[in-house]
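Source file: coords07.txt; contents: compact mmCIF, C-alpha atoms and all ligand atoms.
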```
# COMPACT_ATOMS: atom_id res chain seq x y z
CA MET A 1 -27.34 -96.16 14.57
CA ARG A 2 -30.55 -95.65 16.51
CA PRO A 3 -30.27 -92.04 17.60
CA LEU A 4 -31.36 -92.31 21.23
CA ILE A 5 -28.45 -91.01 23.28
CA ALA A 6 -27.97 -90.57 27.00
CA ALA A 7 -25.16 -88.04 27.19
CA ILE A 8 -23.49 -88.14 30.63
CA ARG A 9 -21.74 -84.85 31.39
CA THR A 10 -19.12 -85.96 33.90
CA GLN A 11 -17.93 -82.41 34.56
CA TYR A 12 -21.41 -81.59 35.84
CA LEU A 13 -21.22 -84.62 38.13
CA ARG A 14 -18.00 -83.25 39.59
CA ASP A 15 -19.46 -79.76 39.91
CA ASN A 16 -22.51 -81.11 41.75
CA TYR A 17 -20.35 -83.21 44.05
CA LEU A 18 -18.17 -80.21 44.91
CA LEU A 19 -21.27 -78.12 45.54
CA ALA A 20 -22.44 -80.80 47.99
CA LYS A 21 -19.05 -80.72 49.73
CA ARG A 22 -19.19 -76.95 50.09
CA GLN A 23 -22.73 -77.03 51.45
CA HIS A 24 -22.20 -79.92 53.82
CA GLY A 25 -18.61 -79.44 54.97
CA GLY A 26 -16.71 -82.44 56.29
CA ARG A 27 -16.80 -85.43 54.01
CA VAL A 28 -19.42 -86.63 51.55
CA LEU A 29 -20.08 -90.09 50.13
CA ALA A 30 -21.19 -90.11 46.49
CA VAL A 31 -24.13 -92.53 46.30
CA LEU A 32 -23.79 -94.73 43.19
CA LYS A 33 -26.45 -97.36 43.86
CA ALA A 34 -28.70 -98.58 41.04
CA ASN A 35 -25.84 -98.20 38.55
CA GLY A 36 -25.25 -94.61 39.57
CA TYR A 37 -28.97 -93.75 39.36
CA GLY A 38 -28.81 -95.02 35.77
CA HIS A 39 -25.70 -93.01 34.82
CA ASP A 40 -23.18 -95.92 34.86
CA ALA A 41 -21.74 -96.34 38.33
CA ALA A 42 -18.23 -97.29 37.25
CA ARG A 43 -17.86 -94.32 34.90
CA CYS A 44 -19.25 -92.00 37.57
CA ALA A 45 -16.85 -93.38 40.18
CA GLN A 46 -13.93 -92.85 37.80
CA ALA A 47 -15.05 -89.30 37.06
CA LEU A 48 -15.21 -88.55 40.80
CA ALA A 49 -12.12 -90.53 41.81
CA ASP A 50 -9.87 -87.59 42.64
CA VAL A 51 -12.51 -85.56 44.50
CA ALA A 52 -14.85 -87.99 46.27
CA ASP A 53 -14.26 -89.05 49.88
CA GLY A 54 -15.89 -92.38 49.15
CA PHE A 55 -18.86 -94.06 47.55
CA ALA A 56 -22.04 -95.78 48.66
CA VAL A 57 -24.00 -98.53 46.92
CA ALA A 58 -26.94 -100.69 47.95
CA CYS A 59 -25.29 -104.09 48.12
CA LEU A 60 -22.22 -106.28 47.71
CA GLU A 61 -22.90 -107.00 44.02
CA GLU A 62 -22.78 -103.30 43.20
CA ALA A 63 -19.62 -102.78 45.25
CA LEU A 64 -17.83 -105.67 43.52
CA GLN A 65 -18.58 -104.12 40.12
CA LEU A 66 -16.88 -100.94 41.26
CA ARG A 67 -13.88 -102.80 42.65
CA ALA A 68 -13.64 -104.75 39.35
CA ALA A 69 -13.60 -101.40 37.52
CA GLY A 70 -10.57 -100.38 39.57
CA VAL A 71 -12.28 -98.22 42.19
CA SER A 72 -10.10 -98.32 45.29
CA ALA A 73 -11.85 -95.68 47.44
CA PRO A 74 -14.01 -96.62 50.44
CA ILE A 75 -17.40 -98.09 49.46
CA LEU A 76 -20.28 -98.32 51.92
CA LEU A 77 -23.01 -100.98 51.58
CA LEU A 78 -26.19 -99.09 52.45
CA GLU A 79 -28.29 -102.23 52.91
CA GLY A 80 -25.49 -104.07 54.69
CA VAL A 81 -25.18 -107.80 54.05
CA PHE A 82 -27.99 -110.27 53.41
CA GLU A 83 -26.16 -113.36 54.63
CA ALA A 84 -23.09 -114.02 56.73
CA ALA A 85 -21.18 -115.49 53.79
CA GLU A 86 -20.98 -112.01 52.25
CA LEU A 87 -18.80 -110.83 55.11
CA ALA A 88 -15.77 -112.63 53.65
CA GLU A 89 -16.11 -110.51 50.49
CA VAL A 90 -16.69 -107.39 52.56
CA GLU A 91 -13.41 -108.09 54.30
CA ARG A 92 -11.48 -109.05 51.16
CA HIS A 93 -12.54 -105.89 49.33
CA ARG A 94 -12.28 -103.62 52.37
CA LEU A 95 -15.91 -102.51 52.13
CA TRP A 96 -17.73 -100.56 54.81
CA LEU A 97 -21.15 -101.77 55.86
CA VAL A 98 -24.36 -100.56 57.39
CA VAL A 99 -25.78 -102.59 60.25
CA GLN A 100 -29.45 -101.86 60.59
CA SER A 101 -31.10 -104.92 62.16
CA GLU A 102 -30.72 -107.48 64.91
CA GLU A 103 -30.00 -110.15 62.26
CA GLN A 104 -27.12 -108.17 60.77
CA LEU A 105 -25.74 -107.37 64.20
CA ARG A 106 -25.68 -111.06 65.06
CA MET A 107 -23.90 -111.92 61.79
CA LEU A 108 -21.15 -109.51 62.74
CA GLU A 109 -20.91 -110.79 66.29
CA GLU A 110 -20.50 -114.34 65.00
CA ALA A 111 -18.03 -113.48 62.20
CA GLN A 112 -14.33 -114.30 62.49
CA PRO A 113 -12.66 -111.61 60.38
CA ALA A 114 -8.89 -111.18 60.39
CA ALA A 115 -9.44 -107.45 60.90
CA PRO A 116 -12.49 -105.64 62.29
CA PHE A 117 -15.05 -103.95 60.04
CA ARG A 118 -15.91 -100.30 59.47
CA VAL A 119 -19.54 -100.21 60.57
CA TRP A 120 -22.26 -97.60 60.09
CA LEU A 121 -24.95 -98.29 62.69
CA MET A 122 -28.37 -97.16 61.53
CA LEU A 123 -30.87 -95.52 63.86
CA ASP A 124 -34.56 -95.60 62.97
CA SER A 125 -35.38 -91.99 63.85
CA GLY A 126 -38.90 -92.17 62.47
CA MET A 127 -38.86 -93.39 58.87
CA HIS A 128 -39.56 -96.93 60.10
CA ARG A 129 -37.94 -98.63 57.14
CA GLU A 130 -34.70 -99.85 58.67
CA GLY A 131 -32.46 -99.30 61.68
CA PHE A 132 -32.60 -99.75 65.43
CA LEU A 133 -35.35 -97.94 67.29
CA PRO A 134 -34.12 -95.20 69.66
CA GLN A 135 -34.76 -97.32 72.76
CA HIS A 136 -32.60 -100.15 71.35
CA TYR A 137 -29.84 -98.13 69.69
CA ARG A 138 -27.48 -97.76 72.63
CA ALA A 139 -27.60 -101.47 73.42
CA ALA A 140 -26.88 -102.31 69.77
CA TRP A 141 -23.92 -99.89 69.78
CA GLU A 142 -22.56 -101.41 73.00
CA ARG A 143 -22.87 -104.97 71.71
CA LEU A 144 -21.06 -104.03 68.53
CA GLN A 145 -18.34 -102.30 70.49
CA ALA A 146 -17.97 -105.24 72.89
CA SER A 147 -17.82 -107.75 70.04
CA GLY A 148 -14.48 -106.39 68.85
CA LYS A 149 -15.74 -106.79 65.27
CA ALA A 150 -16.01 -103.05 64.61
CA GLU A 151 -12.89 -100.97 64.08
CA SER A 152 -15.12 -97.89 64.16
CA ILE A 153 -18.83 -97.15 64.36
CA VAL A 154 -20.41 -94.26 62.46
CA LYS A 155 -23.78 -93.28 63.91
CA MET A 156 -26.29 -92.74 61.14
CA THR A 157 -29.93 -92.19 60.34
CA HIS A 158 -32.04 -91.50 57.23
CA PHE A 159 -34.78 -88.95 56.54
CA ALA A 160 -38.29 -89.69 55.35
CA ARG A 161 -39.37 -86.20 54.28
CA ALA A 162 -36.29 -83.99 53.91
CA ASP A 163 -37.41 -83.10 50.38
CA GLU A 164 -40.32 -81.18 51.90
CA PRO A 165 -38.40 -78.27 53.44
CA THR A 166 -41.20 -76.90 55.60
CA VAL A 167 -42.40 -80.18 57.09
CA PRO A 168 -41.34 -80.44 60.77
CA MET A 169 -40.60 -84.18 60.65
CA THR A 170 -36.97 -83.68 59.58
CA LEU A 171 -36.14 -81.57 62.63
CA ALA A 172 -37.91 -84.11 64.82
CA GLN A 173 -35.76 -86.88 63.29
CA ILE A 174 -32.60 -84.85 63.97
CA GLU A 175 -33.65 -84.37 67.59
CA THR A 176 -34.42 -88.06 67.93
CA PHE A 177 -30.97 -88.84 66.50
CA ASP A 178 -29.19 -86.49 68.87
CA ALA A 179 -31.02 -87.86 71.91
CA ALA A 180 -30.52 -91.52 70.98
CA THR A 181 -26.81 -91.14 70.24
CA ALA A 182 -25.89 -88.65 73.00
CA GLY A 183 -22.61 -89.59 74.65
CA LEU A 184 -21.72 -92.35 72.18
CA PRO A 185 -18.35 -91.58 70.59
CA GLY A 186 -17.67 -91.66 66.86
CA GLU A 187 -18.56 -89.92 63.64
CA GLU A 188 -22.08 -89.15 62.47
CA SER A 189 -23.92 -89.23 59.14
CA VAL A 190 -27.42 -87.83 58.78
CA ALA A 191 -27.89 -85.84 55.57
CA ASN A 192 -29.06 -87.18 52.22
CA SER A 193 -29.22 -84.79 49.25
CA ALA A 194 -32.13 -82.80 50.60
CA GLY A 195 -30.49 -82.58 54.01
CA ILE A 196 -27.25 -81.34 52.48
CA LEU A 197 -29.11 -78.69 50.50
CA CYS A 198 -31.57 -77.32 53.01
CA HIS A 199 -31.29 -78.75 56.54
CA PRO A 200 -28.18 -77.24 58.16
CA ARG A 201 -28.56 -79.19 61.39
CA SER A 202 -28.26 -82.45 59.47
CA ARG A 203 -24.72 -81.61 58.32
CA ARG A 204 -22.39 -83.78 60.41
CA ASP A 205 -19.16 -85.68 59.65
CA TRP A 206 -20.39 -87.47 56.54
CA GLY A 207 -23.01 -86.44 53.99
CA ARG A 208 -24.58 -88.99 51.66
CA ALA A 209 -25.26 -87.34 48.31
CA GLY A 210 -27.39 -89.23 45.79
CA ILE A 211 -29.85 -87.51 43.51
CA LEU A 212 -28.18 -84.12 43.77
CA LEU A 213 -25.00 -85.51 42.19
CA TYR A 214 -26.96 -86.19 39.04
CA GLY A 215 -28.31 -82.66 38.98
CA ALA A 216 -31.95 -83.32 39.79
CA SER A 217 -33.08 -81.27 42.75
CA PRO A 218 -34.96 -83.17 45.45
CA LEU A 219 -36.49 -79.85 46.57
CA PRO A 220 -39.57 -78.16 45.17
CA ALA A 221 -38.82 -75.94 42.17
CA GLY A 222 -37.72 -72.45 43.15
CA PHE A 223 -35.30 -73.44 45.91
CA PRO A 224 -32.06 -71.83 44.74
CA GLN A 225 -29.85 -74.49 46.34
CA GLY A 226 -31.56 -77.07 44.15
CA ASP A 227 -31.79 -74.93 41.06
CA ALA A 228 -27.99 -74.43 41.08
CA LEU A 229 -27.47 -78.12 40.27
CA LYS A 230 -26.44 -79.12 36.75
CA PRO A 231 -28.28 -81.94 34.97
CA VAL A 232 -25.78 -84.71 34.29
CA MET A 233 -27.87 -86.82 31.92
CA ARG A 234 -29.15 -85.31 28.72
CA LEU A 235 -31.47 -87.78 27.01
CA ARG A 236 -31.89 -86.91 23.38
CA SER A 237 -33.11 -88.44 20.16
CA ARG A 238 -33.93 -87.41 16.58
CA ILE A 239 -37.01 -87.14 14.43
CA PHE A 240 -36.86 -89.83 11.77
CA SER A 241 -40.33 -89.46 10.25
CA VAL A 242 -42.93 -86.69 9.90
CA ARG A 243 -46.59 -86.79 8.94
CA GLU A 244 -49.33 -84.21 8.48
CA LEU A 245 -52.72 -85.02 9.95
CA ALA A 246 -56.03 -83.23 9.52
CA ALA A 247 -58.10 -82.18 12.52
CA GLY A 248 -60.02 -85.01 14.16
CA GLU A 249 -57.43 -87.78 13.59
CA PRO A 250 -56.30 -90.12 16.39
CA ILE A 251 -52.63 -90.83 17.09
CA GLY A 252 -51.09 -93.98 18.52
CA TYR A 253 -52.26 -96.85 20.70
CA GLY A 254 -55.67 -96.50 22.25
CA ASN A 255 -56.53 -93.36 20.27
CA ASN A 256 -56.06 -91.44 23.48
CA PHE A 257 -55.11 -88.28 21.59
CA VAL A 258 -57.18 -86.84 18.73
CA THR A 259 -55.91 -83.83 16.78
CA ASP A 260 -57.96 -80.68 17.34
CA ARG A 261 -56.37 -78.85 14.37
CA PRO A 262 -54.23 -79.73 11.38
CA THR A 263 -51.17 -81.24 13.07
CA ARG A 264 -47.59 -82.04 12.08
CA VAL A 265 -46.35 -85.04 13.99
CA GLY A 266 -42.70 -85.97 14.42
CA LEU A 267 -41.70 -89.53 15.24
CA ILE A 268 -38.67 -90.16 17.42
CA ALA A 269 -36.72 -93.21 18.53
CA GLY A 270 -37.24 -93.79 22.24
CA GLY A 271 -39.97 -95.38 24.30
CA TYR A 272 -40.80 -97.18 27.48
CA ALA A 273 -38.42 -100.04 26.66
CA ASP A 274 -35.66 -97.46 26.97
CA GLY A 275 -37.02 -96.45 30.35
CA TYR A 276 -38.89 -93.37 29.21
CA PRO A 277 -42.05 -93.43 31.36
CA ARG A 278 -45.15 -94.64 29.55
CA LEU A 279 -47.26 -92.59 31.93
CA ALA A 280 -45.72 -89.37 30.53
CA SER A 281 -48.56 -89.09 28.07
CA SER A 282 -49.89 -86.39 25.75
CA GLY A 283 -48.80 -82.98 26.98
CA SER A 284 -45.50 -84.02 28.55
CA PRO A 285 -42.71 -81.61 27.65
CA VAL A 286 -39.92 -82.20 25.12
CA ALA A 287 -37.61 -79.72 23.38
CA VAL A 288 -37.23 -79.85 19.59
CA ASP A 289 -34.04 -78.12 18.44
CA GLY A 290 -34.10 -76.29 21.77
CA ARG A 291 -37.73 -75.18 21.58
CA ARG A 292 -40.31 -76.59 23.93
CA SER A 293 -43.10 -78.75 22.57
CA ARG A 294 -45.01 -81.76 23.82
CA ILE A 295 -45.69 -85.42 23.38
CA ILE A 296 -48.98 -86.25 21.63
CA GLY A 297 -50.38 -89.78 21.76
CA ARG A 298 -49.19 -92.58 23.98
CA VAL A 299 -45.55 -93.40 24.56
CA SER A 300 -45.00 -96.80 22.94
CA MET A 301 -42.25 -99.36 23.45
CA ASP A 302 -39.77 -97.95 20.95
CA MET A 303 -41.23 -94.69 19.65
CA ILE A 304 -42.75 -91.40 20.76
CA THR A 305 -44.80 -88.92 18.72
CA VAL A 306 -44.30 -85.19 19.27
CA ASP A 307 -46.20 -82.11 18.15
CA LEU A 308 -44.36 -80.05 15.51
CA SER A 309 -47.33 -77.88 14.51
CA ASP A 310 -45.84 -74.68 15.94
CA LEU A 311 -42.30 -75.53 14.85
CA PRO A 312 -42.27 -75.19 11.06
CA ALA A 313 -38.48 -75.36 10.88
CA ALA A 314 -38.41 -78.76 12.60
CA GLY A 315 -38.33 -81.90 10.50
CA ILE A 316 -36.48 -85.11 9.87
CA GLY A 317 -33.14 -84.99 11.69
CA SER A 318 -34.24 -82.42 14.25
CA GLU A 319 -32.92 -83.13 17.72
CA VAL A 320 -35.46 -83.84 20.45
CA GLU A 321 -34.39 -83.49 24.07
CA LEU A 322 -36.43 -85.75 26.34
CA TRP A 323 -34.73 -84.28 29.38
CA GLY A 324 -31.57 -82.34 30.09
CA ASP A 325 -30.95 -78.64 29.65
CA THR A 326 -34.30 -77.29 28.42
CA VAL A 327 -36.69 -79.84 29.91
CA SER A 328 -35.82 -81.02 33.41
CA VAL A 329 -36.20 -84.64 34.43
CA ASN A 330 -38.26 -83.35 37.36
CA GLU A 331 -40.82 -81.89 34.94
CA VAL A 332 -41.13 -85.17 33.07
CA ALA A 333 -41.38 -87.05 36.36
CA ALA A 334 -44.22 -84.78 37.46
CA ALA A 335 -46.01 -85.41 34.16
CA ALA A 336 -45.59 -89.15 34.71
CA GLY A 337 -46.68 -89.14 38.35
CA SER A 338 -43.22 -90.27 39.41
CA ILE A 339 -39.90 -88.88 40.64
CA ALA A 340 -36.61 -88.12 38.92
CA TYR A 341 -34.94 -90.99 40.80
CA GLU A 342 -37.14 -93.57 39.10
CA LEU A 343 -36.90 -92.07 35.63
CA LEU A 344 -33.12 -91.78 35.72
CA CYS A 345 -32.39 -95.24 37.03
CA ASN A 346 -34.71 -96.82 34.46
CA ILE A 347 -32.79 -95.60 31.40
CA LYS A 348 -31.33 -98.44 29.33
CA ARG A 349 -30.86 -99.46 25.66
CA ALA A 350 -29.94 -95.86 24.84
CA HIS A 351 -26.38 -95.28 23.65
CA PHE A 352 -24.44 -93.89 26.58
CA VAL A 353 -21.94 -91.20 25.65
CA PHE A 354 -19.58 -89.77 28.29
CA GLU A 355 -18.56 -86.21 27.74
C1 LIG A 401 -30.22 -93.69 48.61
C2 LIG A 401 -29.74 -93.25 49.94
C3 LIG A 401 -29.16 -91.99 50.09
C4 LIG A 401 -29.11 -90.97 48.99
O1 LIG A 401 -30.38 -90.34 48.92
P1 LIG A 401 -30.63 -89.09 47.95
O2 LIG A 401 -31.98 -88.62 48.29
O3 LIG A 401 -30.56 -89.63 46.56
O4 LIG A 401 -29.55 -88.13 48.24
C5 LIG A 401 -28.62 -91.67 51.33
N1 LIG A 401 -28.69 -92.53 52.37
C6 LIG A 401 -29.28 -93.74 52.26
C7 LIG A 401 -29.33 -94.62 53.45
C8 LIG A 401 -29.84 -94.14 51.05
O5 LIG A 401 -30.43 -95.33 50.95
```
Could you write out this file's structure as C-alpha cells?
Ligand SMILES: *Cc1c(COP(=O)(O)O)cnc(C)c1O
Amino acid sequence: MRPLIAAIRTQYLRDNYLLAKRQHGGRVLAVLKANGYGHDAARCAQALADVADGFAVACLEEALQLRAAGVSAPILLLEGVFEAAELAEVERHRLWLVVQSEEQLRMLEEAQPAAPFRVWLMLDSGMHREGFLPQHYRAAWERLQASGKAESIVKMTHFARADEPTVPMTLAQIETFDAATAGLPGEESVANSAGILCHPRSRRDWGRAGILLYGASPLPAGFPQGDALKPVMRLRSRIFSVRELAAGEPIGYGNNFVTDRPTRVGLIAGGYADGYPRLASSGSPVAVDGRRSRIIGRVSMDMITVDLSDLPAAGIGSEVELWGDTVSVNEVAAAAGSIAYELLCNIKRAHFVFE
C-alpha cells in the first residue's frame, strides 16, 4: 500500500467544535463545505452528530451527499440556490438556504412550496462579494416577509478581514450590520471562525465555524485562542528510498536545488497530485520521525525529496509528517504562499484513516 495517509482525528474535531461553542455561546453551525475542507464531510458530520447544532455547505449537491449519508440535522446552503428548480429539493430535504441576491429573492417569491423555507438573508456589510447592500436590506427583508415563503429569517453577514485582529474593518462591518438590521426581528449570524475566536461583538445567535473546526487557526500565530485548536488532519508518509549525494549535485525537476554539502536524501510518497502544494519548495518544513527537517528539490506529482543529512537515524521506513502535530498546515501554507484552507481542501488520493 502506498504509505501516504491522511489521518482524521475525529475527537479533535469534536473538541474544536465544543471550543467554538464555548467561545461563541448560543448555537454554532459546523461548516462542512468542500467535503469538510478536505476531511470527508459525511464522516465529519457523523462525528459531530450528537454535539453540532447544524451544518453548513456551499450548495445543494453537498447537502444531498450529507442527507444520503444519513445526516438529519439542519443543513444551510451558504450560496443558496442557483436555479428555481433546486427549491423542490430544498423543500424535500428540509434544507435551510441563504438568500443573497435579487435573483434568489425572486425565485423564492415565485416558488410554490407546501411549507415555507428557513431563510438566512445576507447583508453585504462591506465585503462586496454577496448579499444585499445596507440601503436595500430592509426592503429585501420586507418582501421576503410579505411573500409568506419564509417561515423565519435569520439576519446574516460575512467578514472580509476578521483574520486580521487589529484591522478596524471588522468592527465597521459589525456596526454596518447593526444599523442595517435595527428593528428587524429574528435571529442573527455574523461570526466565522475568526469572529468566534477574537471578535466578541460578532457573537450573536448563530456562529458559523469552518477552518477552526479542523484545527487550523485563522489568526496570526501567537494568538492563544487560535493556538488552543487541535489539528484534525495529520498528513503523513514514509521514506521508501534513500541516496547519498556529494556536494554540488542537483536534485529533482529543474535543478532548482543543488547540494551545498554531502547530503542524504530521503524519498517519500506524496506530491502535488495528492494536493500537497507544488509551491512549497526547498526549505518547506516536514518532520521525520518527529524531528523537523525540510524539503529539498521541487515537489513532483507523486514524490517529495527531504533532507536527512542531520538525521542519521532516519532511513527507509521512517515516518514523515507533512503536516499535523509537529509541522502545522499554516506553516506549510506560508511556505507555499497560500492558506491552510486551500491546502486542506486539496488533499486527495491519500488513504483516509478515521481515528
Ligand atoms: C466558508 C464560510 C464560513 C466559514 O468560514 P471560516 O473562516 O472557515 O470559519 C462562514 N460563513 C460563510 C458565509 C462562509 O462562506
(request) Please measure the separation of atom CA of Met156 of chain A and atom CA of Gly222 of chain A, giving the value in Å to one decimal. (result)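 Going from atom CA of Met156 of chain A over to atom CA of Gly222 of chain A covers 29.4 Å.
In this structure, atom P1 of ligand LIG 401 (chain A) sits 28.4 Å away from atom CA of Pro116 of chain A.
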Listing only residues of chain A within 6 Å of ligand LIG 401 (chain A), what is the closest atom pair and its distance in Å (to one decimal) for each, using all atoms listed in the file, sorted by chain and residue number ascending, as JSON lines?
```
{"residue": "A:Val31", "atom": "CA", "partner": "A:LIG401", "partner_atom": "C4", "distance": 5.9}
{"residue": "A:Leu78", "atom": "CA", "partner": "A:LIG401", "partner_atom": "C7", "distance": 5.6}
{"residue": "A:His158", "atom": "CA", "partner": "A:LIG401", "partner_atom": "C7", "distance": 5.6}
{"residue": "A:Asn192", "atom": "CA", "partner": "A:LIG401", "partner_atom": "O4", "distance": 4.1}
{"residue": "A:Ser193", "atom": "CA", "partner": "A:LIG401", "partner_atom": "O4", "distance": 3.5}
{"residue": "A:Arg208", "atom": "CA", "partner": "A:LIG401", "partner_atom": "C5", "distance": 4.9}
{"residue": "A:Ala209", "atom": "CA", "partner": "A:LIG401", "partner_atom": "O4", "distance": 4.4}
{"residue": "A:Gly210", "atom": "CA", "partner": "A:LIG401", "partner_atom": "O3", "distance": 3.3}
{"residue": "A:Ile211", "atom": "CA", "partner": "A:LIG401", "partner_atom": "O3", "distance": 3.8}
```
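Considering the residues A:His39, A:His199, A:Arg14, A:Arg161 and counting all atoms listed in the file, His351 of chain A has its shortest atom-to-atom contact with A:His39.
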(request) Tell me which of A:Thr263, A:Thr326, A:Gln23, A:Gln100 sits closest to Arg292 of chain A, counting all atoms listed in the file. (result) A:Thr326
(message) Under the rule that all atoms listed in the file are counted, which of A:Leu344, A:Ile339, A:Pro74, A:Arg236 is the nearest residue to Ala7 of chain A?
(response) A:Arg236
(message) Please list as a PyMOL selection string every residue within 10 Å of Gly25 of chain A, counting all atoms listed in the file and excluding residues in the same chain fewer than 2 positions away.
(response) chain A and resi 19-23+27-28+196+203-207
(request) Enter the distance from atom CA of Glu164 of chain A to atom CA of Ser284 of chain A, in Å, rounded to one decimal. (result) 24.1 Å
(request) Might you pull out every residue within 12 Å of Arg92 of chain A, with only C-alpha atoms counted and same-chain residues fewer than 4 positions away left off, and present them as a ChimeraX atom specification? (result) /A:60,63-64,67,85-88,96,113-117
(request) Return the single residue from A:Gln173, A:Asn35, A:Ser237, A:Thr181 that is closest to Arg2 of chain A, with distances computed using only C-alpha atoms. (result)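 When distances to Arg2 of chain A are compared using only C-alpha atoms, the smallest one comes from A:Ser237.
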(message) Residues within 9 Å of Arg201 of chain A, please, as a PyMOL selection string. Count only C-alpha atoms; anything in the same chain fewer than 4 positions from it doesn't count.
(response) chain A and resi 171+174+191+195
(request) For each of A:Ile5, A:Val154, A:Ile251, A:Val288, take the minimum atom-to-atom distance to Ile347 of chain A, counting all atoms listed in the file, then give the residue where this is smallest. (result)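 Using all atoms listed in the file, the shortest distance to Ile347 of chain A belongs to A:Ile5.
Proximity to Ala172 of chain A was assessed for A:Phe257, A:Phe240, A:Phe159, A:Phe55 counting all atoms listed in the file; the smallest distance is recorded for A:Phe159.
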(message) Env of Gly271 of chain A: 12 Å cut, atoms = all atoms listed in the file, seq-sep filter 5 positions within chain, self excluded. Answer as an MDAnalysis selection string.
(response) chainID A and resid 4 235:237 276:281 295 298:305 322 346:350
Would you place a box with edges along x, y and z of the file around all atoms of segment 96-102 of chain A listed there, add 3 Å to each of its six sides, and report the centre and edge lengths in Å to one decimal, as AutoDock Vina command-line options?
```
--center_x -24.4 --center_y -104.0 --center_z 59.9 --size_x 19.4 --size_y 12.9 --size_z 16.1
```
(message) Show me, as number ranges by chain, the residues that have an atom within 8 Å of Leu105 of chain A when counting all atoms listed in the file, minus same-chain residues fewer than 4 positions from it.
(response) A: 99-101, 109, 140, 144
Save segment 88-102 of chain A to disk from that block, N, CA, C and O atoms included, as a short mmCIF file (atom, residue, chain, number, x, y, z; two decimals), in the first residue's frame.
```cif
data_model
loop_
_atom_site.label_atom_id
_atom_site.label_comp_id
_atom_site.auth_asym_id
_atom_site.auth_seq_id
_atom_site.Cartn_x
_atom_site.Cartn_y
_atom_site.Cartn_z
N ALA A 88 -37.30 22.66 -5.01
CA ALA A 88 -38.08 21.45 -4.68
C ALA A 88 -37.25 20.51 -3.82
O ALA A 88 -37.76 19.90 -2.86
N GLU A 89 -35.96 20.39 -4.13
CA GLU A 89 -35.06 19.54 -3.33
C GLU A 89 -34.81 20.16 -1.95
O GLU A 89 -34.72 19.45 -0.95
N VAL A 90 -34.69 21.47 -1.94
CA VAL A 90 -34.51 22.16 -0.66
C VAL A 90 -35.67 21.84 0.26
O VAL A 90 -35.51 21.54 1.44
N GLU A 91 -36.87 21.87 -0.32
CA GLU A 91 -38.06 21.58 0.47
C GLU A 91 -38.11 20.11 0.89
O GLU A 91 -38.31 19.81 2.07
N ARG A 92 -37.85 19.22 -0.08
CA ARG A 92 -37.95 17.78 0.21
C ARG A 92 -36.98 17.38 1.32
O ARG A 92 -37.31 16.55 2.16
N HIS A 93 -35.78 17.96 1.29
CA HIS A 93 -34.76 17.56 2.27
C HIS A 93 -34.67 18.52 3.45
O HIS A 93 -33.73 18.45 4.23
N ARG A 94 -35.64 19.40 3.57
CA ARG A 94 -35.72 20.32 4.71
C ARG A 94 -34.41 21.07 4.92
O ARG A 94 -33.88 21.16 6.03
N LEU A 95 -33.87 21.62 3.84
CA LEU A 95 -32.63 22.39 3.93
C LEU A 95 -32.95 23.85 4.23
O LEU A 95 -34.04 24.33 3.92
N TRP A 96 -32.01 24.52 4.83
CA TRP A 96 -32.11 25.96 5.05
C TRP A 96 -31.30 26.64 3.96
O TRP A 96 -30.32 26.07 3.46
N LEU A 97 -31.69 27.87 3.58
CA LEU A 97 -30.94 28.48 2.48
C LEU A 97 -30.66 29.96 2.70
O LEU A 97 -31.46 30.68 3.29
N VAL A 98 -29.49 30.35 2.22
CA VAL A 98 -29.13 31.75 2.18
C VAL A 98 -29.81 32.38 0.97
O VAL A 98 -29.89 31.76 -0.10
N VAL A 99 -30.29 33.60 1.15
CA VAL A 99 -30.75 34.43 0.04
C VAL A 99 -29.86 35.65 0.04
O VAL A 99 -29.78 36.37 1.05
N GLN A 100 -29.13 35.84 -1.05
CA GLN A 100 -28.13 36.90 -1.03
C GLN A 100 -28.22 37.83 -2.24
O GLN A 100 -27.41 38.75 -2.36
N SER A 101 -29.20 37.61 -3.12
CA SER A 101 -29.29 38.46 -4.31
C SER A 101 -30.75 38.65 -4.70
O SER A 101 -31.63 37.89 -4.30
N GLU A 102 -30.96 39.65 -5.52
CA GLU A 102 -32.29 39.92 -6.07
C GLU A 102 -32.83 38.69 -6.81
O GLU A 102 -34.01 38.34 -6.68
#
```
